[in-house]
$ cat coords.pdb   # PDB, C-alpha atoms
ATOM      1  CA  MET V1494       2.031 -63.321   0.350
ATOM      2  CA  LYS V1495       1.669 -59.737   1.558
ATOM      3  CA  ALA V1496       1.415 -57.014  -1.095
ATOM      4  CA  SER V1497       3.973 -54.563   0.212
ATOM      5  CA  GLN V1498       3.853 -50.896  -0.800
ATOM      6  CA  ILE V1499       6.828 -49.660   1.185
ATOM      7  CA  HIS V1500       9.219 -50.232  -1.709
ATOM      8  CA  LEU V1501       7.381 -47.478  -3.610
ATOM      9  CA  LEU V1502       8.811 -44.846  -1.254
ATOM     10  CA  GLU V1503      12.104 -44.925  -3.129
ATOM     11  CA  HIS V1504      10.271 -44.221  -6.393
ATOM     12  CA  TRP V1505       8.077 -41.503  -4.869
ATOM     13  CA  ARG V1506      10.984 -39.655  -3.269
ATOM     14  CA  HIS V1507      12.337 -38.925  -6.755
ATOM     15  CA  GLY V1508       9.175 -38.745  -8.811
ATOM     16  CA  ASN V1509       6.183 -37.874  -6.612
ATOM     17  CA  LEU V1510       6.969 -35.877  -3.472
ATOM     18  CA  ASN V1511       3.315 -35.350  -2.593
ATOM     19  CA  GLN V1512       2.708 -39.090  -2.464
ATOM     20  CA  TYR V1513       5.905 -39.582  -0.438
ATOM     21  CA  ARG V1514       4.699 -37.000   2.085
ATOM     22  CA  ARG V1515       1.306 -38.671   2.335
ATOM     23  CA  GLN V1516       2.986 -41.888   3.400
ATOM     24  CA  VAL V1517       5.588 -40.688   5.947
ATOM     25  CA  ARG V1518       4.565 -37.022   6.513
ATOM     26  CA  ILE V1519       8.034 -35.549   5.987
ATOM     27  CA  ASP V1520      10.316 -34.694   3.088
ATOM     28  CA  PRO V1521      13.052 -37.120   1.927
ATOM     29  CA  ASN V1522      15.892 -34.912   3.203
ATOM     30  CA  ILE V1523      14.323 -34.844   6.669
ATOM     31  CA  PHE V1524      13.874 -38.627   6.535
ATOM     32  CA  ASP V1525      17.546 -39.093   5.638
ATOM     33  CA  GLY V1526      18.578 -36.696   8.403
ATOM     34  CA  ILE V1527      16.671 -38.680  11.016
ATOM     35  CA  VAL V1528      18.221 -41.940   9.764
ATOM     36  CA  ASN V1529      21.703 -40.424  10.109
ATOM     37  CA  LYS V1530      20.891 -39.322  13.652
ATOM     38  CA  ILE V1531      19.570 -42.654  14.918
ATOM     39  CA  CYS V1532      21.571 -45.215  12.907
ATOM     40  CA  SER V1533      24.313 -45.518  15.532
ATOM     41  CA  HIS V1534      21.942 -46.255  18.409
ATOM     42  CA  GLU V1535      22.625 -49.589  20.053
ATOM     43  CA  ILE V1536      18.997 -50.714  19.729
ATOM     44  CA  PHE V1537      19.541 -51.216  15.992
ATOM     45  CA  HIS V1538      22.552 -53.479  16.532
ATOM     46  CA  ASN V1539      22.816 -56.963  18.021
ATOM     47  CA  ASN V1540      25.063 -60.031  17.989
ATOM     48  CA  SER V1541      22.533 -62.256  16.278
ATOM     49  CA  ASN V1542      23.240 -63.992  13.008
ATOM     50  CA  VAL V1543      19.851 -62.763  11.829
ATOM     51  CA  PRO V1544      20.156 -59.100  10.784
ATOM     52  CA  GLN V1545      17.572 -56.560  11.837
ATOM     53  CA  THR V1546      15.193 -54.913   9.405
ATOM     54  CA  PRO V1547      17.033 -51.992   7.723
ATOM     55  CA  ILE V1548      16.775 -48.771   9.728
ATOM     56  CA  GLU V1549      15.192 -46.962   6.775
ATOM     57  CA  VAL V1550      12.376 -49.519   6.728
ATOM     58  CA  GLN V1551      11.915 -49.349  10.501
ATOM     59  CA  LEU V1552      11.671 -45.550  10.396
ATOM     60  CA  ALA V1553       9.218 -45.635   7.495
ATOM     61  CA  ILE V1554       7.023 -48.117   9.388
ATOM     62  CA  PHE V1555       7.112 -45.898  12.479
ATOM     63  CA  LEU V1556       6.235 -42.722  10.560
ATOM     64  CA  PHE V1557       3.456 -44.401   8.587
ATOM     65  CA  ARG V1558       1.980 -45.791  11.782
ATOM     66  CA  ALA V1559       2.308 -42.459  13.646
ATOM     67  CA  SER V1560       0.311 -40.710  10.928
ATOM     68  CA  HIS V1561      -2.682 -43.039  11.278
ATOM     69  CA  TYR V1562      -5.055 -43.925  14.074
ATOM     70  CA  GLY V1563      -7.702 -46.490  14.858
ATOM     71  CA  ASN V1564      -7.764 -49.650  12.776
ATOM     72  CA  ALA V1565      -5.479 -48.062  10.164
ATOM     73  CA  ALA V1566      -2.692 -47.886  12.778
ATOM     74  CA  SER V1567      -3.023 -51.494  13.904
ATOM     75  CA  PRO V1568       0.053 -53.737  13.557
ATOM     76  CA  GLU V1569      -1.899 -55.898  11.094
ATOM     77  CA  ALA V1570      -2.767 -52.967   8.801
ATOM     78  CA  ILE V1571       0.754 -51.514   8.926
ATOM     79  CA  GLY V1572       2.212 -54.967   8.343
ATOM     80  CA  HIS V1573       0.125 -55.335   5.196
ATOM     81  CA  TRP V1574       1.421 -51.964   3.931
ATOM     82  CA  ALA V1575       5.045 -52.779   4.735
ATOM     83  CA  GLY V1576       5.013 -56.495   3.912
ATOM     84  CA  VAL V1577       6.080 -57.580   7.394
ATOM     85  CA  SER V1578       4.501 -59.371  10.344
ATOM     86  CA  PRO V1579       2.542 -57.522  13.074
ATOM     87  CA  GLY V1580       5.312 -58.428  15.541
ATOM     88  CA  THR V1581       7.882 -56.718  13.335
ATOM     89  CA  VAL V1582       5.701 -53.594  13.212
ATOM     90  CA  ALA V1583       5.621 -53.488  17.016
ATOM     91  CA  ASN V1584       9.379 -54.016  17.254
ATOM     92  CA  CYS V1585      10.140 -51.329  14.655
ATOM     93  CA  THR V1586       7.870 -48.855  16.431
ATOM     94  CA  ASN V1587       9.573 -49.495  19.759
ATOM     95  CA  HIS V1588      13.078 -49.332  18.298
ATOM     96  CA  VAL V1589      12.530 -45.969  16.611
ATOM     97  CA  MET V1590      10.794 -44.476  19.646
ATOM     98  CA  VAL V1591      13.700 -45.446  21.902
ATOM     99  CA  ALA V1592      16.243 -44.014  19.438
ATOM    100  CA  LEU V1593      14.344 -40.747  18.980
ATOM    101  CA  LEU V1594      13.846 -40.215  22.696
ATOM    102  CA  SER V1595      17.576 -40.676  23.274
ATOM    103  CA  LEU V1596      18.138 -37.552  21.129
ATOM    104  CA  HIS V1597      15.764 -35.380  23.148
ATOM    105  CA  ASN V1598      18.327 -33.341  25.078
ATOM    106  CA  GLU V1599      20.563 -32.998  22.037
ATOM    107  CA  LEU V1600      17.859 -31.587  19.780
ATOM    108  CA  VAL V1601      15.529 -29.825  22.231
ATOM    109  CA  HIS V1602      17.574 -27.311  24.212
ATOM    110  CA  LEU V1603      17.984 -23.619  24.903
ATOM    111  CA  LEU V1604      19.833 -21.565  22.346
ATOM    112  CA  THR V1605      23.580 -21.373  22.116
ATOM    113  CA  ALA V1606      25.106 -17.955  21.498
ATOM    114  CA  GLU V1607      25.645 -18.838  17.820
ATOM    115  CA  GLU V1608      22.053 -20.023  17.367
ATOM    116  CA  LYS V1609      20.694 -16.887  19.008
ATOM    117  CA  GLU V1610      22.704 -14.610  16.724
ATOM    118  CA  SER V1611      21.578 -16.604  13.688
ATOM    119  CA  ALA V1612      17.936 -16.228  14.722
ATOM    120  CA  LYS V1613      18.357 -12.508  15.344
ATOM    121  CA  ALA V1614      19.929 -12.074  11.912
ATOM    122  CA  TRP V1615      16.920 -13.770  10.300
ATOM    123  CA  VAL V1616      14.465 -11.508  12.159
ATOM    124  CA  THR V1617      16.489  -8.456  11.126
ATOM    125  CA  GLY V1618      16.248  -9.524   7.496
ATOM    126  CA  GLN V1619      12.479 -10.038   7.751
ATOM    127  CA  VAL V1620      11.625  -6.753   9.475
ATOM    128  CA  CYS V1621      14.183  -4.463  11.112
ATOM    129  CA  PRO V1622      17.192  -4.558  13.483
ATOM    130  CA  GLU V1623      15.120  -3.045  16.302
ATOM    131  CA  TRP V1624      12.992  -6.213  16.435
ATOM    132  CA  SER V1625      15.897  -8.670  16.408
ATOM    133  CA  ASN V1626      15.642  -9.291  20.163
ATOM    134  CA  GLY V1627      12.426 -11.169  19.441
ATOM    135  CA  HIS V1628      14.178 -14.360  18.337
ATOM    136  CA  LEU V1629      11.753 -16.917  19.821
ATOM    137  CA  MET V1630       8.103 -17.691  19.180
ATOM    138  CA  VAL V1631       5.480 -19.755  20.981
ATOM    139  CA  ASP V1632       2.389 -21.417  19.557
ATOM    140  CA  GLY V1633       0.019 -24.195  20.432
ATOM    141  CA  THR V1634      -1.568 -27.105  18.628
ATOM    142  CA  LYS V1635      -3.803 -30.059  19.431
ATOM    143  CA  ILE V1636      -2.829 -33.724  19.251
ATOM    144  CA  LEU V1637      -5.937 -35.724  18.427
ATOM    145  CA  LEU V1638      -6.960 -38.664  20.602
ATOM    146  CA  PHE V1639      -8.420 -41.794  19.069
ATOM    147  CA  GLN V1640     -11.512 -41.786  21.274
ATOM    148  CA  TRP V1641     -13.216 -40.194  24.257
ATOM    149  CA  PRO V1642     -10.984 -40.613  27.349
ATOM    150  CA  GLY V1643     -12.565 -42.520  30.208
ATOM    151  CA  LEU V1644     -11.298 -40.086  32.888
ATOM    152  CA  HIS V1645     -12.655 -36.518  32.784
ATOM    153  CA  GLY V1646     -13.568 -37.075  29.151
ATOM    154  CA  ASP V1647     -15.334 -33.761  28.565
ATOM    155  CA  ALA V1648     -12.221 -31.815  29.562
ATOM    156  CA  TRP V1649     -10.444 -33.163  26.471
ATOM    157  CA  PHE V1650     -13.135 -31.875  24.100
ATOM    158  CA  ASN V1651     -11.992 -28.885  22.041
ATOM    159  CA  LYS V1652     -13.646 -26.181  19.957
ATOM    160  CA  ASN V1653     -13.236 -28.287  16.817
ATOM    161  CA  ARG V1654     -15.513 -30.958  18.324
ATOM    162  CA  SER V1655     -12.781 -33.535  18.828
ATOM    163  CA  TYR V1656     -10.844 -34.963  21.775
ATOM    164  CA  SER V1657      -7.209 -33.968  21.986
ATOM    165  CA  LEU V1658      -4.143 -33.066  24.049
ATOM    166  CA  ASP V1659      -2.776 -29.540  24.148
ATOM    167  CA  CYS V1660       0.817 -28.981  23.047
ATOM    168  CA  GLN V1661       2.701 -25.699  23.530
ATOM    169  CA  VAL V1662       5.897 -25.325  21.518
ATOM    170  CA  CYS V1663       8.545 -22.616  21.775
ATOM    171  CA  THR V1664      10.842 -22.344  18.772
ATOM    172  CA  TYR V1665      13.480 -20.134  17.250
ATOM    173  CA  PHE V1666      14.080 -19.070  13.668
ATOM    174  CA  TYR V1667      16.816 -21.084  11.979
ATOM    175  CA  GLN V1668      17.698 -19.292   8.786
ATOM    176  CA  HIS V1669      19.763 -21.977   7.064
ATOM    177  CA  CYS V1670      16.959 -24.506   6.459
ATOM    178  CA  ARG V1671      13.899 -23.427   4.527
ATOM    179  CA  ASN V1672      10.597 -24.860   3.404
ATOM    180  CA  LEU V1673      10.592 -27.961   5.586
ATOM    181  CA  THR V1674       7.355 -29.897   5.692
ATOM    182  CA  PHE V1675       5.824 -30.987   8.989
ATOM    183  CA  TYR V1676       2.818 -32.994  10.059
ATOM    184  CA  LYS V1677      -0.344 -32.243   8.057
ATOM    185  CA  LEU V1678       1.903 -30.959   5.269
ATOM    186  CA  VAL V1679       2.116 -27.440   6.676
ATOM    187  CA  THR V1680       5.126 -25.774   5.070
ATOM    188  CA  LEU V1681       6.686 -23.074   7.198
ATOM    189  CA  PRO V1682       8.771 -20.201   5.799
ATOM    190  CA  ASP V1683      11.755 -21.266   7.885
ATOM    191  CA  SER V1684      12.655 -24.311   9.931
ATOM    192  CA  LEU V1685      11.434 -23.753  13.487
ATOM    193  CA  ILE V1686      13.822 -25.573  15.805
ATOM    194  CA  ILE V1687      12.137 -26.541  19.081
ATOM    195  CA  VAL V1688      13.733 -25.225  22.276
ATOM    196  CA  ASP V1689      10.955 -25.891  24.807
ATOM    197  CA  TYR V1690       7.511 -27.484  24.972
ATOM    198  CA  ALA V1691       4.705 -28.460  27.318
ATOM    199  CA  LEU V1692       2.544 -31.482  26.576
ATOM    200  CA  GLY V1693      -0.338 -33.119  28.387
ATOM    201  CA  HIS V1694      -2.853 -30.412  29.245
ATOM    202  CA  THR V1695      -6.453 -31.012  28.276
ATOM    203  CA  SER V1696      -7.441 -29.419  24.984
ATOM    204  CA  SER V1697     -10.069 -27.252  26.677
ATOM    205  CA  ILE V1698      -7.363 -25.213  28.433
ATOM    206  CA  HIS V1699      -6.477 -21.822  26.968
ATOM    207  CA  ASN V1700      -3.128 -21.472  25.190
ATOM    208  CA  SER V1701      -1.893 -18.779  27.563
ATOM    209  CA  LEU V1702      -2.581 -20.996  30.596
ATOM    210  CA  ALA V1703      -0.891 -24.027  29.041
ATOM    211  CA  PHE V1704       2.153 -21.856  28.284
ATOM    212  CA  TRP V1705       2.642 -21.406  32.025
ATOM    213  CA  SER V1706       3.869 -25.017  32.189
ATOM    214  CA  THR V1707       6.899 -24.422  29.953
ATOM    215  CA  HIS V1708      10.392 -24.031  31.336
ATOM    216  CA  ILE V1709      10.824 -20.731  29.485
ATOM    217  CA  PHE V1710       7.745 -19.222  31.116
ATOM    218  CA  LYS V1711       8.861 -20.259  34.592
ATOM    219  CA  GLU V1712      12.475 -19.160  34.125
ATOM    220  CA  HIS V1713      12.146 -16.349  31.590
ATOM    221  CA  GLY V1714      14.020 -13.953  33.876
ATOM    222  CA  GLN V1715      17.127 -16.154  33.642
ATOM    223  CA  ILE V1716      16.722 -17.326  30.023
ATOM    224  CA  LEU V1717      15.923 -14.005  28.345
ATOM    225  CA  THR V1718      18.344 -11.108  28.695
ATOM    226  CA  PRO V1719      16.969  -7.587  29.306
ATOM    227  CA  GLY V1720      15.192  -6.345  26.185
ATOM    228  CA  GLU V1721      14.581  -9.806  24.684
ATOM    229  CA  TRP V1722      11.100 -11.186  24.113
ATOM    230  CA  ILE V1723       9.053 -14.018  22.601
ATOM    231  CA  TRP V1724       6.613 -13.603  19.705
ATOM    232  CA  ALA V1725       3.127 -14.991  20.248
ATOM    233  CA  ASP V1726      -0.271 -14.815  18.537
ATOM    234  CA  SER V1727      -3.389 -13.076  19.769
ATOM    235  CA  ALA V1728      -4.321 -16.002  22.051
ATOM    236  CA  TYR V1729      -1.610 -14.827  24.445
ATOM    237  CA  PRO V1730      -1.982 -11.613  26.480
ATOM    238  CA  ALA V1731       0.743  -9.032  25.887
ATOM    239  CA  LYS V1732       3.548  -8.804  28.444
ATOM    240  CA  THR V1733       6.915  -7.089  28.462
ATOM    241  CA  TRP V1734       8.709 -10.315  27.520
ATOM    242  CA  TYR V1735       6.242 -11.862  25.047
ATOM    243  CA  ILE V1736       4.520  -9.802  22.433
ATOM    244  CA  ALA V1737       1.274 -10.497  20.591
ATOM    245  CA  PRO V1738      -0.522  -8.644  17.779
ATOM    246  CA  PHE V1739      -3.396  -6.280  18.471
ATOM    247  CA  GLN V1740      -6.843  -7.865  18.679
ATOM    248  CA  ARG V1741      -9.816  -6.225  17.041
ATOM    249  CA  PRO V1742     -12.056  -4.849  19.785
ATOM    250  CA  VAL V1743     -15.610  -6.126  20.002
ATOM    251  CA  GLY V1744     -17.785  -3.982  17.734
ATOM    252  CA  GLY V1745     -14.800  -1.904  16.653
ATOM    253  CA  LYS V1746     -11.817  -2.051  14.356
ATOM    254  CA  LEU V1747      -8.084  -1.651  14.479
ATOM    255  CA  SER V1748      -6.448   1.654  13.741
ATOM    256  CA  PRO V1749      -4.240   1.992  10.636
ATOM    257  CA  ASP V1750      -1.118   1.950  12.842
ATOM    258  CA  GLN V1751      -2.294  -1.205  14.604
ATOM    259  CA  ARG V1752      -2.979  -2.939  11.288
ATOM    260  CA  THR V1753       0.471  -1.953  10.038
ATOM    261  CA  TYR V1754       2.027  -3.290  13.227
ATOM    262  CA  ASN V1755       0.149  -6.600  12.899
ATOM    263  CA  TYR V1756       1.244  -6.937   9.284
ATOM    264  CA  HIS V1757       4.918  -6.689  10.191
ATOM    265  CA  ILE V1758       4.523  -9.056  13.141
ATOM    266  CA  SER V1759       3.079 -11.631  10.737
ATOM    267  CA  ARG V1760       6.414 -11.655   8.898
ATOM    268  CA  VAL V1761       8.216 -13.082  11.918
ATOM    269  CA  SER V1762       5.414 -14.897  13.734
ATOM    270  CA  PRO V1763       3.807 -17.240  11.157
ATOM    271  CA  HIS V1764       0.131 -18.116  11.638
ATOM    272  CA  ALA V1765       0.833 -21.793  11.048
ATOM    273  CA  ILE V1766       0.304 -24.630  13.495
ATOM    274  CA  PHE V1767       2.544 -27.658  13.534
ATOM    275  CA  LEU V1768       2.796 -30.816  15.565
ATOM    276  CA  PHE V1769       5.723 -31.320  17.899
ATOM    277  CA  TYR V1770       8.056 -33.491  15.895
ATOM    278  CA  LEU V1771      11.726 -34.228  15.648
ATOM    279  CA  VAL V1772      13.460 -31.657  13.443
ATOM    280  CA  VAL V1773      16.934 -32.477  12.216
ATOM    281  CA  SER V1774      19.047 -29.510  11.266
TER     282      SER V1774
END
$ encode --input "coords.pdb" --output "structure tokens"
Amino acid sequence: MKASQIHLLEHWRHGNLNQYRRQVRIDPNIFDGIVNKICSHEIFHNNSNVPQTPIEVQLAIFLFRASHYGNAASPEAIGHWAGVSPGTVANCTNHVMVALLSLHNELVHLLTAEEKESAKAWVTGQVCPEWSNGHLMVDGTKILLFQWPGLHGDAWFNKNRSYSLDCQVCTYFYQHCRNLTFYKLVTLPDSLIIVDYALGHTSSIHNSLAFWSTHIFKEHGQILTPGEWIWADSAYPAKTWYIAPFQRPVGGKLSPDQRTYNYHISRVSPHAIFLFYLVVS
């Protein structure tokens, strides 16, 4: 008899949010939003007399497994946590992955006119109307690998002494959803809806070089109208269409005006890293 813990999620969602987040890495409202998005997918429905595992359980198994690695992410270990067989863990993982990937083009896309105006309004409220044309931001993060890759292994080694993939994400500011929690429990000031990304570069590559692989970088002349730009951090060199804060010169210091400028940029370009993940608005 397996000692399942998955039933405790329902208790934790009402009485212990921190514990709930430790298990599935997202807040309950985000969990429910994902369920509503994927519940109609055909992979969760069949003509068998034996019903499938409830979608909520399948999603919880997928999220719990995605937040672990090594032996802790094995079907046997996840099955012990969820009270199901290793085969069910594999099936649940595959079902949810197929359903999520089917939503890719619906949820990851360039801005509509309404979304752009909403993002510009949020930037105006944070700083000033003159900066509202900066309605997108780009940042990078690392996705850890379980072990040293067999092909060109050293190229995947990063400054934090781990092996990982590089991920560049371009987002916009969505002012109607606040304080959403993402992977590693990083809470951002506003929900950052993903509009473009590049995944697969080695972690040793510089952020600015990895950004060259995104659709927005390649087609910025067609995507951005004259006078619009993207916010970036100091890892990206300044250009006319993406703007970064001033960097302190070697052996010197920033001027008062430069420090003031950097302070206001920080209000619209958060210094928080998050993992590419499905965000349901």
$ residues_around --input "coords.pdb" --residues "Ser1697 of chain V" --least-positions-apart "4" --cutoff "9 Å" --atoms "all atoms listed in the file" --output "list of chain:residue names"
V:Asp1647, V:Ala1648, V:Trp1649, V:Phe1650, V:Asn1651, V:Lys1652, V:Ser1657, V:Leu1658, V:Asp1659
$ write_last_selection --input "coords.pdb" --atoms "C-alpha atoms" --output "short mmCIF file (atom, residue, chain, number, x, y, z; two decimals), in the frame of the given file"
data_model
loop_
_atom_site.label_atom_id
_atom_site.label_comp_id
_atom_site.auth_asym_id
_atom_site.auth_seq_id
_atom_site.Cartn_x
_atom_site.Cartn_y
_atom_site.Cartn_z
CA ASP V 1647 -15.33 -33.76 28.56
CA ALA V 1648 -12.22 -31.82 29.56
CA TRP V 1649 -10.44 -33.16 26.47
CA PHE V 1650 -13.14 -31.88 24.10
CA ASN V 1651 -11.99 -28.88 22.04
CA LYS V 1652 -13.65 -26.18 19.96
CA SER V 1657 -7.21 -33.97 21.99
CA LEU V 1658 -4.14 -33.07 24.05
CA ASP V 1659 -2.78 -29.54 24.15
#
$ axis_aligned_box --input "coords.pdb" --around "segment 1689-1693 of chain V" --padding-each-side "4 Å" --output "lines of an AutoDock Vina configuration file"
center_x = 5.3
center_y = -29.5
center_z = 26.6
size_x = 19.3
size_y = 15.2
size_z = 11.6
$ residues_around --input "coords.pdb" --residues "Leu1596 of chain V" --least-positions-apart "4" --cutoff "9 Å" --atoms "all atoms listed in the file" --output "list in words"
Lys1530, Ile1531, Ala1592, Leu1600 and Val1601 of chain V
$ atom_distance --input "coords.pdb" --atom1 "atom CA of Gly1633 of chain V" --atom2 "atom CA of Tyr1729 of chain V"
10.3 Å
$ closest_residue --input "coords.pdb" --among "V:Gln1751, V:Thr1605, V:Gln1512, V:Ser1611" --to "His1628 of chain V" --atoms "only C-alpha atoms"
V:Ser1611
$ resolve_selection --input "coords.pdb" --expression "the PyMOL selection byres ((chain V and resi 1664) around 9)" --output "PyMOL selection string"
chain V and resi 1628-1632+1662-1663+1665-1666+1685-1690
$ closest_residue --input "coords.pdb" --among "V:Gly1745, V:Pro1579, V:Gly1646, V:Gly1627" --to "Trp1724 of chain V" --atoms "only C-alpha atoms"
V:Gly1627
$ closest_residue --input "coords.pdb" --among "V:Gln1640, V:Ser1595, V:Thr1718, V:Thr1586" --to "Ser1655 of chain V" --atoms "only C-alpha atoms"
V:Gln1640
$ resolve_selection --input "coords.pdb" --expression "the PyMOL selection byres ((chain V and resi 1617) around 12)" --output "ChimeraX atom specification"
/V:1610-1616,1618-1628,1666,1668,1757,1760-1761
$ atom_distance --input "coords.pdb" --atom1 "atom CA of Asn1542 of chain V" --atom2 "atom CA of Val1582 of chain V"
20.4 Å
$ closest_residue --input "coords.pdb" --among "V:Phe1555, V:His1500, V:His1708, V:Pro1642" --to "His1602 of chain V" --atoms "only C-alpha atoms"
V:His1708
$ closest_residue --input "coords.pdb" --among "V:Gln1661, V:Gly1508, V:Gln1740, V:Leu1593" --to "Asn1529 of chain V" --atoms "all atoms listed in the file"
V:Leu1593
$ residues_around --input "coords.pdb" --residues "Ile1536 of chain V" --least-positions-apart "2" --cutoff "8 Å" --atoms "all atoms listed in the file" --output "list in words"
His1534, His1538, Asn1539, His1588, Val1591 and Ala1592 of chain V
$ atom_distance --input "coords.pdb" --atom1 "atom CA of Ser1533 of chain V" --atom2 "atom CA of Val1589 of chain V"
11.8 Å
$ residues_near_point --input "coords.pdb" --point "(7.0, -52.8, 6.3)" --cutoff "10 Å" --atoms "all atoms listed in the file" --output "count of residues only"
25
$ resolve_selection --input "coords.pdb" --expression "the PyMOL selection byres ((chain V and resi 1702) around 12)" --output "VMD selection string"
chain V and resid 1633 1659 to 1661 1691 1694 to 1701 1703 to 1707 1710 1728 to 1730
$ residues_around --input "coords.pdb" --residues "Leu1717 of chain V" --least-positions-apart "2" --cutoff "12 Å" --atoms "all atoms listed in the file" --output "PyMOL selection string"
chain V and resi 1603-1604+1609+1626-1629+1708-1715+1719-1723+1733-1735
$ write_last_selection --input "coords.pdb" --atoms "C-alpha atoms" --output "PDB file, in the frame of the given file"
ATOM      1  CA  LEU V1603      17.984 -23.619  24.903  1.00  0.00           C
ATOM      2  CA  LEU V1604      19.833 -21.565  22.346  1.00  0.00           C
ATOM      3  CA  LYS V1609      20.694 -16.887  19.008  1.00  0.00           C
ATOM      4  CA  ASN V1626      15.642  -9.291  20.163  1.00  0.00           C
ATOM      5  CA  GLY V1627      12.426 -11.169  19.441  1.00  0.00           C
ATOM      6  CA  HIS V1628      14.178 -14.360  18.337  1.00  0.00           C
ATOM      7  CA  LEU V1629      11.753 -16.917  19.821  1.00  0.00           C
ATOM      8  CA  HIS V1708      10.392 -24.031  31.336  1.00  0.00           C
ATOM      9  CA  ILE V1709      10.824 -20.731  29.485  1.00  0.00           C
ATOM     10  CA  PHE V1710       7.745 -19.222  31.116  1.00  0.00           C
ATOM     11  CA  LYS V1711       8.861 -20.259  34.592  1.00  0.00           C
ATOM     12  CA  GLU V1712      12.475 -19.160  34.125  1.00  0.00           C
ATOM     13  CA  HIS V1713      12.146 -16.349  31.590  1.00  0.00           C
ATOM     14  CA  GLY V1714      14.020 -13.953  33.876  1.00  0.00           C
ATOM     15  CA  GLN V1715      17.127 -16.154  33.642  1.00  0.00           C
ATOM     16  CA  PRO V1719      16.969  -7.587  29.306  1.00  0.00           C
ATOM     17  CA  GLY V1720      15.192  -6.345  26.185  1.00  0.00           C
ATOM     18  CA  GLU V1721      14.581  -9.806  24.684  1.00  0.00           C
ATOM     19  CA  TRP V1722      11.100 -11.186  24.113  1.00  0.00           C
ATOM     20  CA  ILE V1723       9.053 -14.018  22.601  1.00  0.00           C
ATOM     21  CA  THR V1733       6.915  -7.089  28.462  1.00  0.00           C
ATOM     22  CA  TRP V1734       8.709 -10.315  27.520  1.00  0.00           C
ATOM     23  CA  TYR V1735       6.242 -11.862  25.047  1.00  0.00           C
TER      24      TYR V1735
END
$ closest_residue --input "coords.pdb" --among "V:Cys1532, V:Ala1737, V:Ala1725, V:Ala1559" --to "Gln1516 of chain V" --atoms "all atoms listed in the file"
V:Ala1559
$ decode --input "coords.pdb" --residues "segment 1610-1623 of chain V" --atoms "N, CA and C atoms" --output "mmCIF file, in the first residue's frame"
data_model
loop_
_atom_site.group_PDB
_atom_site.id
_atom_site.type_symbol
_atom_site.label_atom_id
_atom_site.label_comp_id
_atom_site.auth_asym_id
_atom_site.auth_seq_id
_atom_site.Cartn_x
_atom_site.Cartn_y
_atom_site.Cartn_z
ATOM 1 N N GLU V 1610 -1.367 48.241 -25.639
ATOM 2 C CA GLU V 1610 -1.836 49.433 -24.925
ATOM 3 C C GLU V 1610 -1.905 49.189 -23.424
ATOM 4 N N SER V 1611 -2.303 47.984 -23.025
ATOM 5 C CA SER V 1611 -2.344 47.645 -21.608
ATOM 6 C C SER V 1611 -0.950 47.698 -21.000
ATOM 7 N N ALA V 1612 0.039 47.149 -21.723
ATOM 8 C CA ALA V 1612 1.411 47.167 -21.226
ATOM 9 C C ALA V 1612 1.943 48.589 -21.138
ATOM 10 N N LYS V 1613 1.639 49.402 -22.134
ATOM 11 C CA LYS V 1613 2.098 50.792 -22.115
ATOM 12 C C LYS V 1613 1.473 51.570 -20.959
ATOM 13 N N ALA V 1614 0.216 51.274 -20.664
ATOM 14 C CA ALA V 1614 -0.443 51.946 -19.538
ATOM 15 C C ALA V 1614 0.229 51.587 -18.221
ATOM 16 N N TRP V 1615 0.650 50.308 -18.083
ATOM 17 C CA TRP V 1615 1.329 49.903 -16.851
ATOM 18 C C TRP V 1615 2.667 50.614 -16.714
ATOM 19 N N VAL V 1616 3.441 50.703 -17.799
ATOM 20 C CA VAL V 1616 4.730 51.391 -17.755
ATOM 21 C C VAL V 1616 4.531 52.861 -17.412
ATOM 22 N N THR V 1617 3.520 53.480 -17.990
ATOM 23 C CA THR V 1617 3.225 54.885 -17.680
ATOM 24 C C THR V 1617 2.958 55.067 -16.197
ATOM 25 N N GLY V 1618 2.212 54.153 -15.606
ATOM 26 C CA GLY V 1618 1.915 54.246 -14.180
ATOM 27 C C GLY V 1618 3.132 54.029 -13.300
ATOM 28 N N GLN V 1619 4.103 53.240 -13.773
ATOM 29 C CA GLN V 1619 5.306 52.972 -12.991
ATOM 30 C C GLN V 1619 6.323 54.110 -13.066
ATOM 31 N N VAL V 1620 6.438 54.731 -14.235
ATOM 32 C CA VAL V 1620 7.441 55.787 -14.410
ATOM 33 C C VAL V 1620 6.805 57.033 -15.005
ATOM 34 N N CYS V 1621 6.763 57.117 -16.348
ATOM 35 C CA CYS V 1621 6.223 58.317 -16.976
ATOM 36 C C CYS V 1621 5.729 57.976 -18.373
ATOM 37 N N PRO V 1622 4.850 58.811 -18.953
ATOM 38 C CA PRO V 1622 4.311 58.524 -20.290
ATOM 39 C C PRO V 1622 5.400 58.452 -21.362
ATOM 40 N N GLU V 1623 6.478 59.217 -21.186
ATOM 41 C CA GLU V 1623 7.533 59.242 -22.197
ATOM 42 C C GLU V 1623 8.233 57.896 -22.349
#
